[in-house]
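Comments concern the structure below.
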Amino acid sequence: MSKVKVIISGGGTGGHIFPAIAIANALKKLQSDVEILFVGALGKMEMEKVPAAGYEIIGLNIAGLNRSNMLKNLTFPFKLIGSLLKSLKIIKDFKPNVVVGVGGFASGPVMYAASTKGIPTVIQEQNSYAGITNKLLGAKAKKVCVAYDGMEKFFPAQNIIRTGNPVRQDILHLDGKREGGIKTFNLDPSKKTLLVIGGSLGARSINLAMKSHIEDFKKADVQVVWQTGKFFIEEAKKAVADANASNFFVSDFIYTMDQAYAVADVVLSRAGASSISELCIVGKPSVLVPFPFAAEDHQTKNAQALVNVDAAILVPDSEAGTRACEESLKLISDEATQSKFINNIQQLAQPNADEVIAKEILKLAKAI
């Protein structure tokens, strides 16, 4: 049989990119000569992260609809048509056996182009509520890999496989990493630590809450490792310096998330699918502040899935300013609730998701 070729499409945020890279790595592990090509959106994070992981990527000139400024959507139809035509050319040139969509702007045109050419497609739906693009693409997908039960509301039941969401390999084993994290983040090993992550792009409501409660964390003698995202880093650094808060480590992006999770007693986070999956794997008590403008409010649904099994605290974005830090401090001093959350969240972990998905992709590729 000739070499297996796979296109992985999508991106936009770390929540789409890191699972995509995890799937690619699992494919290589299972079949070292598999040829993988990524297709992403020009100007988005994947154009940097994918080559850094050792894979080739082609960018499409595509963006999502702007719901707050309709004038900015005037070029959308032209970008979409251009991206569809480029996707057809990519497929013609690369000749993939299977095309995988992980969500994000580039996923739609590439998956649609593949289906018009009769190439098998696989959707990796990370959320508990499918977005409109994946619902449309799901009708023709050969397999839909999901992380939650009840997804037959959105996709043909016979094509659904419960795989869980792939996560970064480095967070699967945290044993022995706390000591390295203590050094990396300049922490005191005897003190409690809160990890704050608003997703790869940051979270304004969480950032503003942290900025206004720096003194509370100083008084409580709680250390904070705070990932701000690139848009808030200068404001956060100034606030921490002005408060002379030596208990804060502030960074726009944390590259050693395994160490960050290893040092954390409690995590304050958004509720994107990848964040939720990682929290389940690392078994950390968490306070979740869902992004309220996510498609179909899927982050609230993701967070609610944990709250329903008594595994996390949900704070609505509108209440983040007053409650996010308060709930985090309360949880960090309540070891009984921490233990309960740890036990319950670990029951939801699916550490081999990347390998399960990769096996399904290879199975489809070899069935041609």
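In the structure tokens, chains take the letters A, B, ... in the order shown, each chain's residues start at 1, and ligands count up from 1 in the order shown.
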
Contact residues around Ile182 (chain A) with only C-alpha atoms at 12 Å, ignoring same-chain residues under 4 positions, as a PyMOL selection string:
chain A and resi 176-178+186-193+223-225+249+256+258-264

For the selection you just gave me, I'd like the residues written to a file as a PDB file, in the first residue's frame, keeping N, CA and C atoms.
```
ATOM      1  N   GLY A 176       7.209  14.532  39.673  1.00  0.00           N
ATOM      2  CA  GLY A 176       8.575  15.047  39.662  1.00  0.00           C
ATOM      3  C   GLY A 176       8.742  16.398  38.989  1.00  0.00           C
ATOM      4  N   LYS A 177       7.640  16.991  38.515  1.00  0.00           N
ATOM      5  CA  LYS A 177       7.753  18.269  37.795  1.00  0.00           C
ATOM      6  C   LYS A 177       7.507  19.487  38.686  1.00  0.00           C
ATOM      7  N   ARG A 178       7.026  19.255  39.904  1.00  0.00           N
ATOM      8  CA  ARG A 178       6.722  20.385  40.786  1.00  0.00           C
ATOM      9  C   ARG A 178       7.992  21.170  41.133  1.00  0.00           C
ATOM     10  N   ASN A 186       9.625  30.865  40.268  1.00  0.00           N
ATOM     11  CA  ASN A 186      10.190  31.569  41.428  1.00  0.00           C
ATOM     12  C   ASN A 186       9.233  31.550  42.622  1.00  0.00           C
ATOM     13  N   LEU A 187       8.817  30.345  43.012  1.00  0.00           N
ATOM     14  CA  LEU A 187       7.819  30.176  44.066  1.00  0.00           C
ATOM     15  C   LEU A 187       8.431  29.671  45.361  1.00  0.00           C
ATOM     16  N   ASP A 188       7.672  29.829  46.437  1.00  0.00           N
ATOM     17  CA  ASP A 188       8.018  29.267  47.742  1.00  0.00           C
ATOM     18  C   ASP A 188       7.274  27.934  47.862  1.00  0.00           C
ATOM     19  N   PRO A 189       7.994  26.811  47.972  1.00  0.00           N
ATOM     20  CA  PRO A 189       7.329  25.497  47.991  1.00  0.00           C
ATOM     21  C   PRO A 189       6.402  25.278  49.179  1.00  0.00           C
ATOM     22  N   SER A 190       6.520  26.113  50.214  1.00  0.00           N
ATOM     23  CA  SER A 190       5.687  25.917  51.407  1.00  0.00           C
ATOM     24  C   SER A 190       4.344  26.652  51.320  1.00  0.00           C
ATOM     25  N   LYS A 191       4.166  27.467  50.263  1.00  0.00           N
ATOM     26  CA  LYS A 191       2.938  28.270  50.159  1.00  0.00           C
ATOM     27  C   LYS A 191       1.978  27.721  49.109  1.00  0.00           C
ATOM     28  N   LYS A 192       0.694  28.038  49.283  1.00  0.00           N
ATOM     29  CA  LYS A 192      -0.347  27.638  48.332  1.00  0.00           C
ATOM     30  C   LYS A 192      -0.207  28.458  47.043  1.00  0.00           C
ATOM     31  N   THR A 193      -0.563  27.825  45.915  1.00  0.00           N
ATOM     32  CA  THR A 193      -0.410  28.485  44.614  1.00  0.00           C
ATOM     33  C   THR A 193      -1.681  28.380  43.781  1.00  0.00           C
ATOM     34  N   GLN A 223       0.375  32.417  46.485  1.00  0.00           N
ATOM     35  CA  GLN A 223       1.166  32.713  45.288  1.00  0.00           C
ATOM     36  C   GLN A 223       0.283  32.572  44.047  1.00  0.00           C
ATOM     37  N   VAL A 224       0.607  33.340  43.021  1.00  0.00           N
ATOM     38  CA  VAL A 224      -0.191  33.313  41.789  1.00  0.00           C
ATOM     39  C   VAL A 224       0.721  33.192  40.572  1.00  0.00           C
ATOM     40  N   VAL A 225       0.437  32.190  39.740  1.00  0.00           N
ATOM     41  CA  VAL A 225       1.065  32.072  38.422  1.00  0.00           C
ATOM     42  C   VAL A 225      -0.014  32.470  37.423  1.00  0.00           C
ATOM     43  N   PHE A 249       3.744  35.672  39.678  1.00  0.00           N
ATOM     44  CA  PHE A 249       4.531  35.432  38.463  1.00  0.00           C
ATOM     45  C   PHE A 249       3.593  35.709  37.290  1.00  0.00           C
ATOM     46  N   THR A 256       5.579  26.107  29.578  1.00  0.00           N
ATOM     47  CA  THR A 256       5.761  24.871  30.356  1.00  0.00           C
ATOM     48  C   THR A 256       4.509  24.617  31.202  1.00  0.00           C
ATOM     49  N   ASP A 258       3.038  21.913  31.854  1.00  0.00           N
ATOM     50  CA  ASP A 258       3.175  20.767  32.753  1.00  0.00           C
ATOM     51  C   ASP A 258       3.676  21.230  34.121  1.00  0.00           C
ATOM     52  N   GLN A 259       4.662  22.121  34.127  1.00  0.00           N
ATOM     53  CA  GLN A 259       5.171  22.655  35.393  1.00  0.00           C
ATOM     54  C   GLN A 259       4.130  23.536  36.076  1.00  0.00           C
ATOM     55  N   ALA A 260       3.392  24.306  35.279  1.00  0.00           N
ATOM     56  CA  ALA A 260       2.365  25.194  35.846  1.00  0.00           C
ATOM     57  C   ALA A 260       1.284  24.386  36.558  1.00  0.00           C
ATOM     58  N   TYR A 261       0.826  23.323  35.922  1.00  0.00           N
ATOM     59  CA  TYR A 261      -0.172  22.460  36.567  1.00  0.00           C
ATOM     60  C   TYR A 261       0.421  21.767  37.799  1.00  0.00           C
ATOM     61  N   ALA A 262       1.690  21.380  37.698  1.00  0.00           N
ATOM     62  CA  ALA A 262       2.328  20.653  38.805  1.00  0.00           C
ATOM     63  C   ALA A 262       2.411  21.497  40.072  1.00  0.00           C
ATOM     64  N   VAL A 263       2.610  22.815  39.931  1.00  0.00           N
ATOM     65  CA  VAL A 263       2.742  23.669  41.125  1.00  0.00           C
ATOM     66  C   VAL A 263       1.389  24.146  41.657  1.00  0.00           C
ATOM     67  N   ALA A 264       0.332  24.004  40.855  1.00  0.00           N
ATOM     68  CA  ALA A 264      -0.966  24.593  41.215  1.00  0.00           C
ATOM     69  C   ALA A 264      -1.726  23.768  42.246  1.00  0.00           C
TER      70      ALA A 264
END
```

Nearby residues (only C-alpha atoms) at most 10 Å from region 310-312 of chain A, same-chain spacing under 3 positions excluded, as a list of chain:residue names:
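These residues fall inside the cut-off: A:Val267, A:Leu279, A:Cys280, A:Gly283, A:Lys284, A:Pro285, A:Ser286, A:Val287, A:Leu288, A:Ala303, A:Gln304, A:Ala305, A:Leu306, A:Val307, A:Val315, A:Leu331, A:Thr337, A:Gln338, A:Ser339, A:Lys340, A:Phe341, A:Ile342, A:Asn343, A:Asn344, A:Ile345, A:Gln346, A:Gln347, A:Leu348.
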
Considering only C-alpha atoms, can you say which of A:Lys218, A:Lys95, A:Lys117, A:Arg168 comes closest to Tyr255 (chain A)?
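Among the listed residues, the smallest separation from Tyr255 (chain A) belongs to A:Arg168.
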
Those of region 93-165 of chain A in DSSP helix (DSSP H, G or I), formatted as JSON, numbers by chain
{"A": [93, 94, 107, 108, 109, 110, 111, 112, 113, 114, 115, 116, 132, 133, 134, 135, 136, 137, 138, 151, 152, 153, 157, 158, 159]}

Pull C-alpha atoms from the residues just selected and write them as a PDB file, in the first residue's frame.
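Result saved to selection_29.pdb:
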```pdb
ATOM      1  CA  ASP A  93      -1.885  18.507  -5.020  1.00  0.00           C
ATOM      2  CA  PHE A  94      -1.476  16.627  -1.714  1.00  0.00           C
ATOM      3  CA  SER A 107     -11.719  23.659   9.104  1.00  0.00           C
ATOM      4  CA  GLY A 108     -14.909  24.465   7.176  1.00  0.00           C
ATOM      5  CA  PRO A 109     -13.518  25.133   3.667  1.00  0.00           C
ATOM      6  CA  VAL A 110     -11.050  22.226   3.785  1.00  0.00           C
ATOM      7  CA  MET A 111     -13.563  19.684   5.106  1.00  0.00           C
ATOM      8  CA  TYR A 112     -16.209  20.816   2.615  1.00  0.00           C
ATOM      9  CA  ALA A 113     -13.737  20.624  -0.271  1.00  0.00           C
ATOM     10  CA  ALA A 114     -12.713  17.104   0.802  1.00  0.00           C
ATOM     11  CA  SER A 115     -16.311  15.888   0.973  1.00  0.00           C
ATOM     12  CA  THR A 116     -17.038  17.176  -2.560  1.00  0.00           C
ATOM     13  CA  ILE A 132     -23.112  25.211  13.220  1.00  0.00           C
ATOM     14  CA  THR A 133     -20.145  24.453  10.914  1.00  0.00           C
ATOM     15  CA  ASN A 134     -19.475  21.060  12.464  1.00  0.00           C
ATOM     16  CA  LYS A 135     -23.193  20.226  12.458  1.00  0.00           C
ATOM     17  CA  LEU A 136     -23.288  20.827   8.702  1.00  0.00           C
ATOM     18  CA  LEU A 137     -20.018  18.968   8.053  1.00  0.00           C
ATOM     19  CA  GLY A 138     -21.069  16.121  10.351  1.00  0.00           C
ATOM     20  CA  MET A 151     -23.835  14.181  20.914  1.00  0.00           C
ATOM     21  CA  GLU A 152     -26.345  12.284  18.741  1.00  0.00           C
ATOM     22  CA  LYS A 153     -28.389  15.496  19.011  1.00  0.00           C
ATOM     23  CA  ALA A 157     -25.371   8.291  16.009  1.00  0.00           C
ATOM     24  CA  GLN A 158     -23.734   5.510  13.977  1.00  0.00           C
ATOM     25  CA  ASN A 159     -20.736   7.737  13.161  1.00  0.00           C
TER      26      ASN A 159
END
```

Test item: residues at most 9 Å from Glu56 (chain A), only C-alpha atoms, excluding those fewer than 4 positions along its chain, as number ranges by chain
A: 36-39, 50-51

Residues near Asn127 (chain A), anyone? I mean within 7 Å using only C-alpha atoms, not counting same-chain ones fewer than 6 positions away, as a PDB file with C-alpha atoms, in the first residue's frame.
```pdb
ATOM      1  CA  ALA A 147     -15.708  14.108  24.326  1.00  0.00           C
ATOM      2  CA  ALA A 273     -12.900  22.161  25.733  1.00  0.00           C
ATOM      3  CA  HIS A 298     -20.657  26.074  24.670  1.00  0.00           C
ATOM      4  CA  ASN A 302     -18.634  22.493  29.212  1.00  0.00           C
TER       5      ASN A 302
END
```

Judged by only C-alpha atoms, the minimum distance to Ile119 (chain A) among A:Arg162, A:Lys140, A:Lys44, A:Lys219 is found for A:Lys140

Mind giving me the straight-line distance from CA of Leu268 (chain A) to CA of Ala52 (chain A) in Å, one decimal?
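Taking CA of Leu268 (chain A) and CA of Ala52 (chain A), their separation equals 27.7 Å.
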
Can you work out the spacing between CA of Pro77 (chain A) and CA of Ala41 (chain A) in Å, to one decimal?
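Result for CA of Pro77 (chain A) versus CA of Ala41 (chain A): 15.4 Å, one decimal.
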
In Å, with one decimal, what is the gap from CA of Gly59 (chain A) to CA of Phe231 (chain A)?
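Pair CA of Gly59 (chain A) / CA of Phe231 (chain A) returns 23.5 Å.
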
I'd like the contact shell of Ala26 (chain A) - 9 Å cut-off, only C-alpha atoms, skipping same-chain residues fewer than 2 positions apart - returned as number ranges by chain.
A: 21-24, 28-31, 354-359

Which of these residues is nearest to His213 (chain A), using only C-alpha atoms: A:Leu329, A:Ala141, A:Ala353, A:Ile161?
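That would be A:Leu329, the residue with the smallest distance to His213 (chain A).
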
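Comparing A:Pro292, A:Pro96, A:Gly103, A:Gly180 by their smallest distance to Ser205 (chain A), the closest is A:Pro292 (using only C-alpha atoms).
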
Considering only C-alpha atoms, return as a PyMOL selection string whatever protein or nucleic-acid residues lie within 10 Å of Glu48 (chain A), sequence-local ones (same chain, fewer than 5 positions apart) excluded.
chain A and resi 43+53+57

As an NGL selection string, please: all residues of region 117-192 of chain A that backbone DSSP puts in strand (DSSP E).
:A and (121-125 or 143-146 or 160-162)

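Each of A:Val240, A:Ile361, A:Val309, A:Ile214 was compared to Ile8 (chain A) using only C-alpha atoms, and A:Ile361 turns out to be the nearest.
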
Which one is closest to Gly40 (chain A): A:Gly321, A:Gly164, A:Gly12, A:Pro156? Count only C-alpha atoms.
A:Gly12
